[in-house]
There are 2 protein chains.
Amino acid sequence: MLRISKLTDYGTLILAHMAGLPGRLHSAAELAEALGLGLPTVSKVLKTLGRHALVSSQRGAHGGYVLTRAAEQITVADIIDALEDQPFGLTECSASAGVCSMESDCRIRDNWLRINTVVRQALQSVTVADMVHPDAPSPLARGLVSNEPASHRMHGPARLGSRAAATSLAACIPTPRADDQEI
Amino acid sequence: MLRISKLTDYGTLILAHMAGLPGRLHSAAELAEALGLGLPTVSKVLKTLGRHALVSSQRGAHGGYVLTRAAEQITVADIIDALEDQPFGLTECSASAGVCSMESDCRIRDNWLRINTVVRQALQSVTVADMVHPDAPSPLARGLVSNEPASHRMHGPARLGSRAAATSLAACIPTPRADDQEI
DNA sequence: CTATACAGTACCAATTTAGTACTTTTAATG
DNA sequence: CATTAAAAGTACTAAATTGGTACTGTATAG
Ligand code: FES
Ligand code: FES
């Protein structure tokens, strides 16, 4: 359905929140509380992010997680790579080689590869830092986007009633980053 | 998982195949045969495409489907809109308004809206015609894409053994379109 | 040595997606 | 006008994925 999974969405929320208070340790419980998500769920996401070296963890009492790099260096593409298990690609055929029997004489596959690349570049052009602070030179804004109506619905929180809260939540306003994108 | 559904993938295959013999009527059975897909499945996809006016149908004996517009006028985004039921958007929050409780003070949502727009533009820049003929001035190619390695795997055919064939299949090679995109 | 917090594994439940079956309507053809 | 080919519609079933939870283990602070 051309959606990232909820876990991935939670990942952006969590990282954005952490980026709000950089350098500090954040326990899974604290994040869960702040974002209105279930503790086990937050834990799971953090563990995975840890495995992909986006956060590092401190065990034991007063332990917690910190970002391993500056928020400016973590792109949405990184988060997706960490949390989505399938390899990046809009179609099965175009996500990995050797899966489709007709791959050799398929004329469509190459197109998907191109589309994938463009999409990925869009995702790489937005960092966690962009998510956090509202105003700043927005890369997607200048020329990249023509801003036709894109609809919207619901973010991180999904079915748990608790999640419906998440008032303090860290990041949101629109501010893609300003370096590597001349898409 | 940031994938389009298989049905949508089949849709591109089907439309591309039809674009190969334009003007002609194609029965669902013929297409199923040619693409190595199940007849009921192809039928389902065609019905949906019909409902969204991408193909028109002729009932009765010797009936079938034809494209309603030139292949150049049907974009991948059109196909996705027709076959995916959820509204376009990478996250739930950003796909429709009013679903997330914290929408008003969410700083992240706006970023997703931008990302959605960019992604959509990429999808709008490729037409069925591009999918069909191999070589031609490729819009995504010139400047739009930096061509970093994007992986690949498997296309239309998935679990039916029959689908593994699809030799004649219509379209594939890389050739996005050349009009409306200055992303 | 106890409390806190991360790590890993495994599992279960809910949703979504894919695919099939069956019935009805429409049109061509002899 | 009967027969046949093909699409339209409806509904259902089965499979795969996702989301979420529970439990057990390990490390560290105090
Ligand atoms: S959490 Fe940002 S709009 Fe839902
Ligand atoms: S590569 Fe699988 S159908 Fe094109």
# chains A, B, ... in the order shown; residues from 1 in each chain; ligands from 1
>>> interface_residues(of="chain A", to="chain D", cutoff="8 Å", atoms="only C-alpha atoms (C1' of nucleotides)", output="PDB file with N, CA and C atoms, in the first residue's frame")
ATOM      1  N   SER A   5       5.943   0.875   7.538  1.00  0.00           N
ATOM      2  CA  SER A   5       5.237   0.193   8.615  1.00  0.00           C
ATOM      3  C   SER A   5       5.117   1.130   9.819  1.00  0.00           C
ATOM      4  N   PRO A  40       6.697  -2.055  25.457  1.00  0.00           N
ATOM      5  CA  PRO A  40       7.331  -3.148  24.709  1.00  0.00           C
ATOM      6  C   PRO A  40       7.595  -2.753  23.258  1.00  0.00           C
ATOM      7  N   THR A  41       6.671  -2.021  22.729  1.00  0.00           N
ATOM      8  CA  THR A  41       6.821  -1.592  21.334  1.00  0.00           C
ATOM      9  C   THR A  41       8.012  -0.660  21.171  1.00  0.00           C
ATOM     10  N   ARG A  59      23.347   0.029  29.399  1.00  0.00           N
ATOM     11  CA  ARG A  59      22.539  -0.884  30.183  1.00  0.00           C
ATOM     12  C   ARG A  59      22.594  -0.564  31.672  1.00  0.00           C
ATOM     13  N   GLY A  60      21.813  -1.307  32.409  1.00  0.00           N
ATOM     14  CA  GLY A  60      21.820  -1.158  33.851  1.00  0.00           C
ATOM     15  C   GLY A  60      21.001   0.007  34.366  1.00  0.00           C
ATOM     16  N   ALA A  61      21.011   0.154  35.640  1.00  0.00           N
ATOM     17  CA  ALA A  61      20.265   1.248  36.262  1.00  0.00           C
ATOM     18  C   ALA A  61      20.718   2.572  35.668  1.00  0.00           C
ATOM     19  N   HIS A  62      19.786   3.460  35.494  1.00  0.00           N
ATOM     20  CA  HIS A  62      20.049   4.752  34.850  1.00  0.00           C
ATOM     21  C   HIS A  62      20.572   4.610  33.436  1.00  0.00           C
TER      22      HIS A  62
END
>>> closest_atom_pairs(of="chain B", to="chain C", cutoff="12 Å", atoms="only C-alpha atoms (C1' of nucleotides)", output="CSV")
residue,atom,partner,partner_atom,distance
B:Ile4,CA,C:DT17,C1',11.2
B:Ser5,CA,C:DT17,C1',7.8
B:Lys6,CA,C:DA18,C1',8.2
B:Leu7,CA,C:DA18,C1',8.2
B:Thr8,CA,C:DT17,C1',11.5
B:Tyr10,CA,C:DA18,C1',11.8
B:Leu37,CA,C:DG19,C1',10.9
B:Gly38,CA,C:DG19,C1',8.5
B:Leu39,CA,C:DT20,C1',10.1
B:Pro40,CA,C:DT20,C1',7.2
B:Thr41,CA,C:DG19,C1',6.7
B:Val42,CA,C:DG19,C1',10.5
B:Ser43,CA,C:DG19,C1',11.3
B:Lys44,CA,C:DG19,C1',9.9
B:Val45,CA,C:DA18,C1',11.7
B:Ser57,CA,C:DT26,C1',11.1
B:Gln58,CA,C:DA27,C1',8.5
B:Arg59,CA,C:DT26,C1',5.6
B:Gly60,CA,C:DA27,C1',4.0
B:Ala61,CA,C:DA28,C1',5.3
B:His62,CA,C:DA28,C1',7.2
B:Gly63,CA,C:DA27,C1',8.0
B:Gly64,CA,C:DA27,C1',11.4
B:Glu84,CA,C:DT17,C1',10.9
B:Asp85,CA,C:DT16,C1',11.3
B:Gln86,CA,C:DT16,C1',11.4
B:Pro157,CA,C:DA18,C1',11.8
B:Ala158,CA,C:DA18,C1',10.0
B:Arg159,CA,C:DA18,C1',9.6
B:Leu160,CA,C:DG19,C1',9.8
>>> closest_residue(among="A:Lys47, A:Arg24, A:His133, A:Arg107", to="chain B", atoms="only C-alpha atoms")
A:Arg107
>>> atom_distance(atom1="atom CA of Leu123 of chain B", atom2="atom CA of Ala77 of chain B")
5.0 Å
>>> closest_atom_pairs(of="chain B", to="ligand 1", cutoff="12 Å", atoms="only C-alpha atoms and all ligand atoms", output="Markdown table")
| residue | atom | partner | partner_atom_place_in_ligand_line | distance |
| --- | --- | --- | --- | --- |
| B:Thr91 | CA | ligand 1 | 4 (Fe) | 8.8 |
| B:Glu92 | CA | ligand 1 | 4 (Fe) | 7.7 |
| B:Cys93 | CA | ligand 1 | 4 (Fe) | 4.7 |
| B:Ser94 | CA | ligand 1 | 3 (S) | 6.7 |
| B:Ala95 | CA | ligand 1 | 3 (S) | 9.8 |
| B:Ser96 | CA | ligand 1 | 3 (S) | 9.7 |
| B:Ala97 | CA | ligand 1 | 3 (S) | 8.4 |
| B:Gly98 | CA | ligand 1 | 3 (S) | 8.6 |
| B:Val99 | CA | ligand 1 | 4 (Fe) | 7.4 |
| B:Cys100 | CA | ligand 1 | 4 (Fe) | 4.4 |
| B:Ser101 | CA | ligand 1 | 4 (Fe) | 6.6 |
| B:Met102 | CA | ligand 1 | 4 (Fe) | 5.5 |
| B:Glu103 | CA | ligand 1 | 3 (S) | 3.9 |
| B:Ser104 | CA | ligand 1 | 3 (S) | 7.2 |
| B:Asp105 | CA | ligand 1 | 2 (Fe) | 7.6 |
| B:Cys106 | CA | ligand 1 | 2 (Fe) | 4.3 |
| B:Arg107 | CA | ligand 1 | 2 (Fe) | 6.4 |
| B:Ile108 | CA | ligand 1 | 2 (Fe) | 5.2 |
| B:Arg109 | CA | ligand 1 | 2 (Fe) | 4.6 |
| B:Asp110 | CA | ligand 1 | 3 (S) | 8.1 |
| B:Asn111 | CA | ligand 1 | 2 (Fe) | 9.5 |
| B:Trp112 | CA | ligand 1 | 2 (Fe) | 8.9 |
| B:Leu113 | CA | ligand 1 | 3 (S) | 10.1 |
>>> atom_distance(atom1="atom CA of Pro87 of chain B", atom2="atom 1 (S, counted along the ligand's line) of ligand 2")
26.3 Å
>>> select_by_dssp(residues="segment 30-139 of chain A", states="helix (DSSP H, G or I)", output="number ranges by chain")
A: 30-35, 39-51, 71-73, 76-83, 92-95, 109-124, 128-132
>>> atom_distance(atom1="atom CA of Gly50 of chain B", atom2="atom CA of Arg69 of chain B")
12.0 Å
>>> residues_around(residues="Val119 of chain A", least_positions_apart="6", cutoff="10 Å", atoms="only C-alpha atoms (C1' of nucleotides)", output="list in words")
Ala77, Phe88, Gly89, Leu90, Leu113 and Ile183 of chain A; Ile115, Asn116, Val118, Val119, Arg120, Gln121, Ala122, Leu123 and Val145 of chain B
>>> write_last_selection(atoms="N, CA, C and O atoms", output="mmCIF file, in the first residue's frame")
data_model
loop_
_atom_site.group_PDB
_atom_site.id
_atom_site.type_symbol
_atom_site.label_atom_id
_atom_site.label_comp_id
_atom_site.auth_asym_id
_atom_site.auth_seq_id
_atom_site.Cartn_x
_atom_site.Cartn_y
_atom_site.Cartn_z
ATOM 1 N N ALA A 77 15.682 7.791 5.231
ATOM 2 C CA ALA A 77 16.069 6.561 4.544
ATOM 3 C C ALA A 77 16.814 5.624 5.488
ATOM 4 O O ALA A 77 16.606 4.407 5.469
ATOM 5 N N PHE A 88 14.951 -2.245 0.295
ATOM 6 C CA PHE A 88 14.254 -1.111 -0.285
ATOM 7 C C PHE A 88 13.853 -1.337 -1.744
ATOM 8 O O PHE A 88 14.643 -1.831 -2.544
ATOM 9 N N GLY A 89 12.637 -0.958 -2.075
ATOM 10 C CA GLY A 89 12.153 -1.092 -3.440
ATOM 11 C C GLY A 89 10.637 -1.142 -3.459
ATOM 12 O O GLY A 89 10.041 -1.753 -2.582
ATOM 13 N N LEU A 90 10.048 -0.509 -4.450
ATOM 14 C CA LEU A 90 8.595 -0.427 -4.491
ATOM 15 C C LEU A 90 7.930 -1.716 -4.953
ATOM 16 O O LEU A 90 6.783 -1.977 -4.631
ATOM 17 N N LEU A 113 13.548 0.385 -11.065
ATOM 18 C CA LEU A 113 14.823 0.679 -10.425
ATOM 19 C C LEU A 113 15.048 2.189 -10.383
ATOM 20 O O LEU A 113 15.503 2.739 -9.380
ATOM 21 N N ILE A 183 18.273 16.549 -6.463
ATOM 22 C CA ILE A 183 17.407 15.645 -7.225
ATOM 23 C C ILE A 183 17.053 16.226 -8.559
ATOM 24 O O ILE A 183 16.950 15.568 -9.541
ATOM 25 N N ILE B 115 7.503 14.921 1.734
ATOM 26 C CA ILE B 115 8.092 13.702 1.188
ATOM 27 C C ILE B 115 7.083 13.017 0.276
ATOM 28 O O ILE B 115 7.409 12.607 -0.840
ATOM 29 N N ASN B 116 5.862 12.952 0.725
ATOM 30 C CA ASN B 116 4.830 12.338 -0.095
ATOM 31 C C ASN B 116 4.742 12.995 -1.468
ATOM 32 O O ASN B 116 4.612 12.322 -2.488
ATOM 33 N N VAL B 118 7.019 14.649 -3.114
ATOM 34 C CA VAL B 118 8.167 14.335 -3.954
ATOM 35 C C VAL B 118 8.033 12.925 -4.528
ATOM 36 O O VAL B 118 8.256 12.690 -5.715
ATOM 37 N N VAL B 119 7.668 12.010 -3.686
ATOM 38 C CA VAL B 119 7.527 10.633 -4.136
ATOM 39 C C VAL B 119 6.460 10.551 -5.233
ATOM 40 O O VAL B 119 6.649 9.929 -6.270
ATOM 41 N N ARG B 120 5.380 11.226 -4.979
ATOM 42 C CA ARG B 120 4.299 11.191 -5.958
ATOM 43 C C ARG B 120 4.752 11.770 -7.297
ATOM 44 O O ARG B 120 4.403 11.288 -8.358
ATOM 45 N N GLN B 121 5.524 12.809 -7.248
ATOM 46 C CA GLN B 121 5.988 13.391 -8.501
ATOM 47 C C GLN B 121 6.862 12.418 -9.258
ATOM 48 O O GLN B 121 6.801 12.352 -10.484
ATOM 49 N N ALA B 122 7.651 11.675 -8.531
ATOM 50 C CA ALA B 122 8.482 10.678 -9.200
ATOM 51 C C ALA B 122 7.572 9.674 -9.901
ATOM 52 O O ALA B 122 7.817 9.288 -11.049
ATOM 53 N N LEU B 123 6.519 9.285 -9.237
ATOM 54 C CA LEU B 123 5.623 8.284 -9.794
ATOM 55 C C LEU B 123 4.816 8.846 -10.962
ATOM 56 O O LEU B 123 4.400 8.117 -11.858
ATOM 57 N N VAL B 145 17.941 11.522 -11.596
ATOM 58 C CA VAL B 145 18.416 10.379 -10.838
ATOM 59 C C VAL B 145 19.934 10.325 -10.809
ATOM 60 O O VAL B 145 20.588 10.508 -11.816
#
>>> closest_residue(among="B:Gly36, B:Asp130, B:Glu30, B:Leu21", to="ligand 2", atoms="only C-alpha atoms and all ligand atoms")
B:Gly36
